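K.L.:
Just so it is clear, I am handing over run31.pdb, which has PDB, C-alpha atoms and all ligand atoms.
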ATOM      1  CA  MET A   1     -36.333 -15.917   5.728  1.00  0.00           C
ATOM      2  CA  ASN A   2     -35.091 -13.056   3.579  1.00  0.00           C
ATOM      3  CA  ILE A   3     -32.261 -11.210   5.266  1.00  0.00           C
ATOM      4  CA  ALA A   4     -30.959  -7.741   4.473  1.00  0.00           C
ATOM      5  CA  ILE A   5     -27.449  -7.272   5.820  1.00  0.00           C
ATOM      6  CA  PHE A   6     -26.092  -3.838   6.675  1.00  0.00           C
ATOM      7  CA  ALA A   7     -22.294  -3.695   6.805  1.00  0.00           C
ATOM      8  CA  SER A   8     -19.581  -1.036   6.613  1.00  0.00           C
ATOM      9  CA  GLY A   9     -16.318  -2.939   6.837  1.00  0.00           C
ATOM     10  CA  ARG A  10     -14.346  -6.149   6.703  1.00  0.00           C
ATOM     11  CA  GLY A  11     -17.350  -8.495   6.563  1.00  0.00           C
ATOM     12  CA  SER A  12     -16.209 -11.458   8.650  1.00  0.00           C
ATOM     13  CA  ASN A  13     -19.696 -11.773  10.167  1.00  0.00           C
ATOM     14  CA  VAL A  14     -21.199 -11.640   6.667  1.00  0.00           C
ATOM     15  CA  GLN A  15     -18.895 -14.531   5.784  1.00  0.00           C
ATOM     16  CA  ALA A  16     -19.911 -16.472   8.905  1.00  0.00           C
ATOM     17  CA  ILE A  17     -23.596 -15.980   8.074  1.00  0.00           C
ATOM     18  CA  LEU A  18     -22.997 -17.115   4.476  1.00  0.00           C
ATOM     19  CA  ASN A  19     -21.155 -20.203   5.724  1.00  0.00           C
ATOM     20  CA  ALA A  20     -24.102 -21.060   7.961  1.00  0.00           C
ATOM     21  CA  ILE A  21     -26.482 -20.665   5.018  1.00  0.00           C
ATOM     22  CA  ASP A  22     -24.273 -22.681   2.659  1.00  0.00           C
ATOM     23  CA  THR A  23     -23.944 -25.569   5.118  1.00  0.00           C
ATOM     24  CA  GLY A  24     -27.692 -25.660   5.700  1.00  0.00           C
ATOM     25  CA  VAL A  25     -27.420 -24.537   9.333  1.00  0.00           C
ATOM     26  CA  LEU A  26     -29.267 -21.273   8.748  1.00  0.00           C
ATOM     27  CA  PRO A  27     -32.525 -21.511   6.771  1.00  0.00           C
ATOM     28  CA  ALA A  28     -32.296 -18.084   5.183  1.00  0.00           C
ATOM     29  CA  ARG A  29     -31.147 -16.212   2.123  1.00  0.00           C
ATOM     30  CA  ILE A  30     -29.364 -12.904   1.922  1.00  0.00           C
ATOM     31  CA  ALA A  31     -31.620 -10.813  -0.260  1.00  0.00           C
ATOM     32  CA  VAL A  32     -29.411  -7.728  -0.258  1.00  0.00           C
ATOM     33  CA  LEU A  33     -26.326  -6.279   1.377  1.00  0.00           C
ATOM     34  CA  ILE A  34     -26.556  -2.571   2.078  1.00  0.00           C
ATOM     35  CA  SER A  35     -23.396  -0.594   2.768  1.00  0.00           C
ATOM     36  CA  ASN A  36     -22.526   3.048   3.272  1.00  0.00           C
ATOM     37  CA  ASN A  37     -19.095   2.259   1.768  1.00  0.00           C
ATOM     38  CA  SER A  38     -18.635   1.023  -1.767  1.00  0.00           C
ATOM     39  CA  HIS A  39     -15.132  -0.496  -1.411  1.00  0.00           C
ATOM     40  CA  VAL A  40     -15.114  -2.719   1.646  1.00  0.00           C
ATOM     41  CA  GLY A  41     -14.636  -6.404   2.355  1.00  0.00           C
ATOM     42  CA  ALA A  42     -18.326  -6.966   3.055  1.00  0.00           C
ATOM     43  CA  ILE A  43     -19.264  -5.758  -0.447  1.00  0.00           C
ATOM     44  CA  GLU A  44     -16.564  -7.934  -2.039  1.00  0.00           C
ATOM     45  CA  ILE A  45     -17.813 -10.999  -0.167  1.00  0.00           C
ATOM     46  CA  ALA A  46     -21.395 -10.307  -1.236  1.00  0.00           C
ATOM     47  CA  ARG A  47     -20.404  -9.809  -4.886  1.00  0.00           C
ATOM     48  CA  ALA A  48     -18.366 -13.031  -4.868  1.00  0.00           C
ATOM     49  CA  HIS A  49     -21.551 -14.807  -3.761  1.00  0.00           C
ATOM     50  CA  LYS A  50     -23.689 -13.038  -6.383  1.00  0.00           C
ATOM     51  CA  ILE A  51     -25.645 -11.276  -3.670  1.00  0.00           C
ATOM     52  CA  GLN A  52     -27.389  -8.054  -4.603  1.00  0.00           C
ATOM     53  CA  THR A  53     -25.567  -5.036  -3.126  1.00  0.00           C
ATOM     54  CA  SER A  54     -26.806  -1.530  -2.546  1.00  0.00           C
ATOM     55  CA  HIS A  55     -24.581   1.461  -1.768  1.00  0.00           C
ATOM     56  CA  LEU A  56     -26.592   3.905   0.319  1.00  0.00           C
ATOM     57  CA  SER A  57     -24.850   6.699   2.153  1.00  0.00           C
ATOM     58  CA  GLN A  58     -26.206   9.877   3.738  1.00  0.00           C
ATOM     59  CA  LYS A  59     -23.790  11.796   1.471  1.00  0.00           C
ATOM     60  CA  MET A  60     -25.892  10.738  -1.528  1.00  0.00           C
ATOM     61  CA  PHE A  61     -29.127  12.220  -0.138  1.00  0.00           C
ATOM     62  CA  PRO A  62     -30.233  15.705   0.914  1.00  0.00           C
ATOM     63  CA  SER A  63     -31.896  14.553   4.139  1.00  0.00           C
ATOM     64  CA  GLU A  64     -32.354  11.617   6.517  1.00  0.00           C
ATOM     65  CA  GLU A  65     -35.899  11.364   5.200  1.00  0.00           C
ATOM     66  CA  ALA A  66     -34.603  10.827   1.653  1.00  0.00           C
ATOM     67  CA  LEU A  67     -32.080   8.213   2.819  1.00  0.00           C
ATOM     68  CA  SER A  68     -34.831   6.428   4.781  1.00  0.00           C
ATOM     69  CA  GLU A  69     -37.068   6.325   1.723  1.00  0.00           C
ATOM     70  CA  ALA A  70     -34.260   4.888  -0.407  1.00  0.00           C
ATOM     71  CA  MET A  71     -33.516   2.220   2.218  1.00  0.00           C
ATOM     72  CA  LEU A  72     -37.175   1.339   2.648  1.00  0.00           C
ATOM     73  CA  ASN A  73     -37.539   1.019  -1.135  1.00  0.00           C
ATOM     74  CA  VAL A  74     -34.609  -1.390  -1.394  1.00  0.00           C
ATOM     75  CA  LEU A  75     -35.818  -3.389   1.620  1.00  0.00           C
ATOM     76  CA  SER A  76     -39.355  -3.746   0.325  1.00  0.00           C
ATOM     77  CA  LEU A  77     -38.190  -4.501  -3.237  1.00  0.00           C
ATOM     78  CA  GLN A  78     -35.984  -7.293  -1.890  1.00  0.00           C
ATOM     79  CA  LYS A  79     -38.752  -8.484   0.458  1.00  0.00           C
ATOM     80  CA  ALA A  80     -36.473  -8.216   3.497  1.00  0.00           C
ATOM     81  CA  GLU A  81     -37.944  -9.791   6.608  1.00  0.00           C
ATOM     82  CA  LEU A  82     -35.030  -9.337   8.994  1.00  0.00           C
ATOM     83  CA  LEU A  83     -32.437  -6.548   8.992  1.00  0.00           C
ATOM     84  CA  VAL A  84     -29.065  -7.836  10.182  1.00  0.00           C
ATOM     85  CA  LEU A  85     -26.408  -5.299  11.154  1.00  0.00           C
ATOM     86  CA  ALA A  86     -22.921  -6.738  10.839  1.00  0.00           C
ATOM     87  CA  GLY A  87     -20.368  -4.047  11.540  1.00  0.00           C
ATOM     88  CA  TYR A  88     -22.630  -1.269  10.258  1.00  0.00           C
ATOM     89  CA  MET A  89     -21.063   1.986  11.429  1.00  0.00           C
ATOM     90  CA  LYS A  90     -24.022   4.303  10.811  1.00  0.00           C
ATOM     91  CA  LYS A  91     -27.241   4.801  12.706  1.00  0.00           C
ATOM     92  CA  ILE A  92     -30.284   3.191  11.144  1.00  0.00           C
ATOM     93  CA  PRO A  93     -32.729   6.011  10.329  1.00  0.00           C
ATOM     94  CA  LEU A  94     -35.649   6.279  12.774  1.00  0.00           C
ATOM     95  CA  LYS A  95     -38.212   5.685  10.066  1.00  0.00           C
ATOM     96  CA  VAL A  96     -36.570   2.349   9.198  1.00  0.00           C
ATOM     97  CA  ILE A  97     -36.362   1.364  12.889  1.00  0.00           C
ATOM     98  CA  ARG A  98     -40.078   2.046  13.274  1.00  0.00           C
ATOM     99  CA  ARG A  99     -41.052   0.164  10.106  1.00  0.00           C
ATOM    100  CA  TYR A 100     -39.006  -2.903  11.086  1.00  0.00           C
ATOM    101  CA  ARG A 101     -39.645  -2.833  14.835  1.00  0.00           C
ATOM    102  CA  ASN A 102     -38.342  -6.051  16.514  1.00  0.00           C
ATOM    103  CA  ARG A 103     -36.978  -7.159  13.147  1.00  0.00           C
ATOM    104  CA  ILE A 104     -33.555  -5.478  13.290  1.00  0.00           C
ATOM    105  CA  VAL A 105     -30.637  -7.195  15.002  1.00  0.00           C
ATOM    106  CA  ASN A 106     -27.074  -6.159  15.718  1.00  0.00           C
ATOM    107  CA  ILE A 107     -23.988  -7.829  17.100  1.00  0.00           C
ATOM    108  CA  HIS A 108     -21.781  -5.973  19.551  1.00  0.00           C
ATOM    109  CA  PRO A 109     -18.285  -7.116  20.596  1.00  0.00           C
ATOM    110  CA  ALA A 110     -18.853  -6.824  24.367  1.00  0.00           C
ATOM    111  CA  LEU A 111     -21.340  -7.796  27.040  1.00  0.00           C
ATOM    112  CA  LEU A 112     -24.048  -5.152  26.774  1.00  0.00           C
ATOM    113  CA  PRO A 113     -25.303  -3.119  28.561  1.00  0.00           C
ATOM    114  CA  LEU A 114     -21.630  -2.650  29.489  1.00  0.00           C
ATOM    115  CA  PHE A 115     -19.204  -1.115  26.999  1.00  0.00           C
ATOM    116  CA  GLY A 116     -21.801   0.067  24.494  1.00  0.00           C
ATOM    117  CA  GLY A 117     -23.024   3.409  23.197  1.00  0.00           C
ATOM    118  CA  ALA A 118     -21.304   6.313  21.491  1.00  0.00           C
ATOM    119  CA  GLY A 119     -17.615   5.757  20.760  1.00  0.00           C
ATOM    120  CA  MET A 120     -17.727   2.091  21.758  1.00  0.00           C
ATOM    121  CA  TYR A 121     -16.739   0.353  18.555  1.00  0.00           C
ATOM    122  CA  GLY A 122     -13.755  -1.578  17.229  1.00  0.00           C
ATOM    123  CA  HIS A 123     -10.616  -1.493  19.343  1.00  0.00           C
ATOM    124  CA  PHE A 124     -12.087   1.149  21.681  1.00  0.00           C
ATOM    125  CA  VAL A 125     -14.396  -1.500  23.117  1.00  0.00           C
ATOM    126  CA  HIS A 126     -11.647  -4.004  23.860  1.00  0.00           C
ATOM    127  CA  GLU A 127      -9.310  -1.322  25.255  1.00  0.00           C
ATOM    128  CA  ALA A 128     -12.040  -0.180  27.645  1.00  0.00           C
ATOM    129  CA  VAL A 129     -12.827  -3.747  28.709  1.00  0.00           C
ATOM    130  CA  ILE A 130      -9.160  -4.540  29.455  1.00  0.00           C
ATOM    131  CA  ALA A 131      -8.703  -1.224  31.280  1.00  0.00           C
ATOM    132  CA  SER A 132     -11.734  -1.997  33.452  1.00  0.00           C
ATOM    133  CA  GLY A 133     -10.088  -5.104  34.895  1.00  0.00           C
ATOM    134  CA  MET A 134     -13.066  -7.292  33.977  1.00  0.00           C
ATOM    135  CA  LYS A 135     -12.294 -10.987  33.826  1.00  0.00           C
ATOM    136  CA  VAL A 136     -14.855 -11.778  31.133  1.00  0.00           C
ATOM    137  CA  SER A 137     -16.001 -10.153  27.924  1.00  0.00           C
ATOM    138  CA  GLY A 138     -17.996 -11.549  25.047  1.00  0.00           C
ATOM    139  CA  ALA A 139     -20.427 -10.841  22.266  1.00  0.00           C
ATOM    140  CA  THR A 140     -24.041  -9.695  22.389  1.00  0.00           C
ATOM    141  CA  VAL A 141     -26.781 -10.117  19.796  1.00  0.00           C
ATOM    142  CA  HIS A 142     -29.520  -7.597  20.451  1.00  0.00           C
ATOM    143  CA  LEU A 143     -32.531  -6.007  18.840  1.00  0.00           C
ATOM    144  CA  VAL A 144     -32.079  -2.507  17.523  1.00  0.00           C
ATOM    145  CA  ASP A 145     -34.384   0.220  18.742  1.00  0.00           C
ATOM    146  CA  GLU A 146     -34.176   3.988  19.098  1.00  0.00           C
ATOM    147  CA  GLU A 147     -31.625   3.757  21.920  1.00  0.00           C
ATOM    148  CA  TYR A 148     -28.138   3.040  20.616  1.00  0.00           C
ATOM    149  CA  ASP A 149     -26.838  -0.381  21.792  1.00  0.00           C
ATOM    150  CA  ARG A 150     -29.699  -0.664  24.312  1.00  0.00           C
ATOM    151  CA  GLY A 151     -32.341  -2.789  22.549  1.00  0.00           C
ATOM    152  CA  PRO A 152     -33.459  -6.125  24.086  1.00  0.00           C
ATOM    153  CA  ILE A 153     -30.633  -8.661  24.378  1.00  0.00           C
ATOM    154  CA  VAL A 154     -31.258 -11.859  22.401  1.00  0.00           C
ATOM    155  CA  MET A 155     -28.097 -13.833  23.085  1.00  0.00           C
ATOM    156  CA  GLN A 156     -24.688 -13.487  24.705  1.00  0.00           C
ATOM    157  CA  LYS A 157     -21.601 -15.619  24.999  1.00  0.00           C
ATOM    158  CA  THR A 158     -18.620 -14.901  27.194  1.00  0.00           C
ATOM    159  CA  VAL A 159     -14.884 -15.303  26.758  1.00  0.00           C
ATOM    160  CA  ASN A 160     -12.386 -15.286  29.605  1.00  0.00           C
ATOM    161  CA  ILE A 161      -9.851 -12.492  29.842  1.00  0.00           C
ATOM    162  CA  GLU A 162      -6.357 -13.704  30.745  1.00  0.00           C
ATOM    163  CA  HIS A 163      -3.734 -11.534  32.416  1.00  0.00           C
ATOM    164  CA  ASN A 164      -1.669 -11.266  29.221  1.00  0.00           C
ATOM    165  CA  ASP A 165      -4.565 -10.470  26.879  1.00  0.00           C
ATOM    166  CA  THR A 166      -4.105  -7.354  24.774  1.00  0.00           C
ATOM    167  CA  PRO A 167      -7.038  -5.556  23.112  1.00  0.00           C
ATOM    168  CA  GLU A 168      -6.004  -7.304  19.852  1.00  0.00           C
ATOM    169  CA  LEU A 169      -6.015 -10.775  21.419  1.00  0.00           C
ATOM    170  CA  LEU A 170      -9.331 -10.116  23.115  1.00  0.00           C
ATOM    171  CA  ALA A 171     -10.805  -8.791  19.848  1.00  0.00           C
ATOM    172  CA  ALA A 172      -9.830 -12.029  18.089  1.00  0.00           C
ATOM    173  CA  LYS A 173     -11.374 -14.196  20.822  1.00  0.00           C
ATOM    174  CA  VAL A 174     -14.587 -12.191  20.812  1.00  0.00           C
ATOM    175  CA  LEU A 175     -14.803 -12.244  17.013  1.00  0.00           C
ATOM    176  CA  GLN A 176     -14.649 -16.018  17.028  1.00  0.00           C
ATOM    177  CA  VAL A 177     -17.594 -16.087  19.430  1.00  0.00           C
ATOM    178  CA  GLU A 178     -19.474 -13.591  17.245  1.00  0.00           C
ATOM    179  CA  HIS A 179     -19.164 -15.933  14.269  1.00  0.00           C
ATOM    180  CA  GLU A 180     -20.615 -18.712  16.400  1.00  0.00           C
ATOM    181  CA  ILE A 181     -23.570 -16.938  17.995  1.00  0.00           C
ATOM    182  CA  TYR A 182     -24.772 -14.656  15.198  1.00  0.00           C
ATOM    183  CA  PRO A 183     -25.833 -17.478  12.831  1.00  0.00           C
ATOM    184  CA  PHE A 184     -27.329 -19.322  15.811  1.00  0.00           C
ATOM    185  CA  ALA A 185     -29.431 -16.310  16.840  1.00  0.00           C
ATOM    186  CA  LEU A 186     -30.506 -15.699  13.222  1.00  0.00           C
ATOM    187  CA  LYS A 187     -31.604 -19.316  12.962  1.00  0.00           C
ATOM    188  CA  ALA A 188     -33.863 -18.706  15.963  1.00  0.00           C
ATOM    189  CA  PHE A 189     -35.430 -15.754  14.138  1.00  0.00           C
ATOM    190  CA  ALA A 190     -35.915 -17.878  11.012  1.00  0.00           C
ATOM    191  CA  GLU A 191     -37.612 -20.572  13.072  1.00  0.00           C
ATOM    192  CA  GLY A 192     -39.869 -18.120  14.911  1.00  0.00           C
ATOM    193  CA  LYS A 193     -38.277 -18.945  18.246  1.00  0.00           C
ATOM    194  CA  ILE A 194     -37.692 -15.396  19.422  1.00  0.00           C
ATOM    195  CA  LYS A 195     -39.985 -14.165  22.159  1.00  0.00           C
ATOM    196  CA  ILE A 196     -40.027 -10.478  22.971  1.00  0.00           C
ATOM    197  CA  GLU A 197     -41.669  -9.060  26.081  1.00  0.00           C
ATOM    198  CA  GLY A 198     -41.090  -5.371  26.668  1.00  0.00           C
ATOM    199  CA  ARG A 199     -37.375  -4.835  27.228  1.00  0.00           C
ATOM    200  CA  LYS A 200     -36.565  -8.546  27.239  1.00  0.00           C
ATOM    201  CA  ALA A 201     -36.062 -11.089  24.481  1.00  0.00           C
ATOM    202  CA  TRP A 202     -35.450 -14.836  24.614  1.00  0.00           C
ATOM    203  CA  ILE A 203     -34.684 -17.681  22.315  1.00  0.00           C
ATOM    204  CA  MET A 204     -37.302 -20.349  23.038  1.00  0.00           C
ATOM    205  CA  SER A 205     -36.118 -23.925  22.928  1.00  0.00           C
TER     206      SER A 205
HETATM  207  C1  LIG B 301     -17.725  -6.883  14.853  1.00  0.00           C
HETATM  208  O1  LIG B 301     -16.809  -6.914  15.894  1.00  0.00           O
HETATM  209  C2  LIG B 301     -19.094  -6.549  15.351  1.00  0.00           C
HETATM  210  O2  LIG B 301     -19.338  -6.982  16.663  1.00  0.00           O
HETATM  211  C3  LIG B 301     -19.124  -5.043  15.325  1.00  0.00           C
HETATM  212  O3  LIG B 301     -18.384  -4.707  14.178  1.00  0.00           O
HETATM  213  C4  LIG B 301     -17.448  -5.735  13.892  1.00  0.00           C
HETATM  214  C5  LIG B 301     -17.661  -6.129  12.462  1.00  0.00           C
HETATM  215  O4  LIG B 301     -16.685  -7.034  12.006  1.00  0.00           O
HETATM  216  N1  LIG B 301     -20.477  -4.546  15.335  1.00  0.00           N
HETATM  217  P1  LIG B 301     -16.851  -7.718  10.597  1.00  0.00           P
HETATM  218  O5  LIG B 301     -16.960  -6.606   9.562  1.00  0.00           O
HETATM  219  O6  LIG B 301     -18.087  -8.562  10.630  1.00  0.00           O
HETATM  220  O7  LIG B 301     -15.607  -8.521  10.401  1.00  0.00           O
END
Can I see the file as structure tokens?

P.N.:
Amino acid sequence: MNIAIFASGRGSNVQAILNAIDTGVLPARIAVLISNNSHVGAIEIARAHKIQTSHLSQKMFPSEEALSEAMLNVLSLQKAELLVLAGYMKKIPLKVIRRYRNRIVNIHPALLPLFGGAGMYGHFVHEAVIASGMKVSGATVHLVDEEYDRGPIVMQKTVNIEHNDTPELLAAKVLQVEHEIYPFALKAFAEGKIKIEGRKAWIMS
């Protein structure tokens, strides 16, 4: 399975996916890493692994249409079969969402449909979770559709929230779970084990 990763930041999930590929756990190859930032950890990790990178930002194009075309060109040139968002901070253009329907996945650092949507990223998520008094949080792998953070949920894993957890501690616990479940969910895509019915998705055993 040819994966195109979209990332904007540190790249720890990119690293986790690469580890899973390198150890033979995930039968896939990263065909390209697309980023809206040219100097971020994710790009460095990709370059160190000789993975093709592509810097595509709205600032470089006169319209969303032009950005979409550029993305679609890169994706088709690299024969991408699955688009994997790993800390990608921009919206995927509608045209790309429609072209790759049910073939775009994201990981979110909370239990969707809670704590998702506009403004819910990075430390804001974990601050909101702690403030809510919830006793569990976790990570969610979901399909990306037109509704931000609302596409069908593929996989979730919880972590317990202890009374002395800070947003930073919770973020670290959730990140560890992300690194575990993202490669696992991607493996299910590679093996054709994802079943999608309307608003629901499952990993078939
Ligand atoms: C992760 O917490 C992920 O859930 C969210 O963005 C963060 C990316 O972290 N979508 P990294 O760049 O993979 O380290």

K.L.:
Can I get the residues close to ligand LIG 301 (chain B) as JSON, numbers by chain, where close means within 8 Å and we count all atoms listed in the file?

P.N.:
{"A": [7, 8, 9, 10, 11, 12, 13, 14, 15, 41, 42, 85, 86, 87, 88, 89, 106, 107, 108, 109, 110, 121, 122, 139, 140, 171, 174, 175, 178]}

K.L.:
Can you tell me, as a VMD selection string, what residues are no more than 9 Å from Arg150 in chain A when counting only C-alpha atoms, ignoring any on the same chain fewer than 4 positions away?

P.N.:
chain A and resid 112 to 113 116 to 117 142 to 146

K.L.:
What's the 10 Å shell around His123 in chain A, counting all atoms listed in the file, without same-chain residues fewer than 5 positions away, as a PyMOL selection string?

P.N.:
chain A and resi 109+128-129+167-168+170-171

K.L.:
Give me, please, the distance in Å between CA of Ala28 in chain A and CA of Pro152 in chain A, quoted to one decimal.

P.N.:
22.4 Å

K.L.:
Once the PyMOL selection byres (((chain A and resi 96-105) around 10) and not hetatm) is applied to the coordinates I shared, what remains selected? I want it as a ChimeraX atom specification.

P.N.:
/A:3-5,65,67-69,71-72,75,80-86,91-95,106-107,141-146,151-154,182,185-186,189,194,196,201

K.L.:
Would you mind reading off the distance between CA of Ala16 in chain A and CA of His179 in chain A, one decimal, in Å?

P.N.:
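The value is 5.4 Å.
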
K.L.:
Please measure the separation of CA of Ile51 in chain A and CA of Ala190 in chain A, giving the value in Å to one decimal.

P.N.:
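Going from CA of Ile51 in chain A over to CA of Ala190 in chain A, I get 19.1 Å.
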
K.L.:
For Phe184 in chain A, find every residue with an atom within 10 Å (counting all atoms listed in the file), except residues of its own chain fewer than 6 positions away, and show them as a list in words.

P.N.:
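The residues satisfying every condition are Ile17, Ala20, Val25, Leu26, Met155, Glu178, Ala190 and Ile203 of chain A.
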
K.L.:
Specify the axis-aligned box that encloses all atoms of range 6-17 of chain A listed in the file after padding of 4 Å on each side, stating its centre and edge lengths in Å to one decimal as JSON.

P.N.:
{"center_x": -20.2, "center_y": -8.8, "center_z": 8.0, "size_x": 19.7, "size_y": 23.4, "size_z": 12.4}
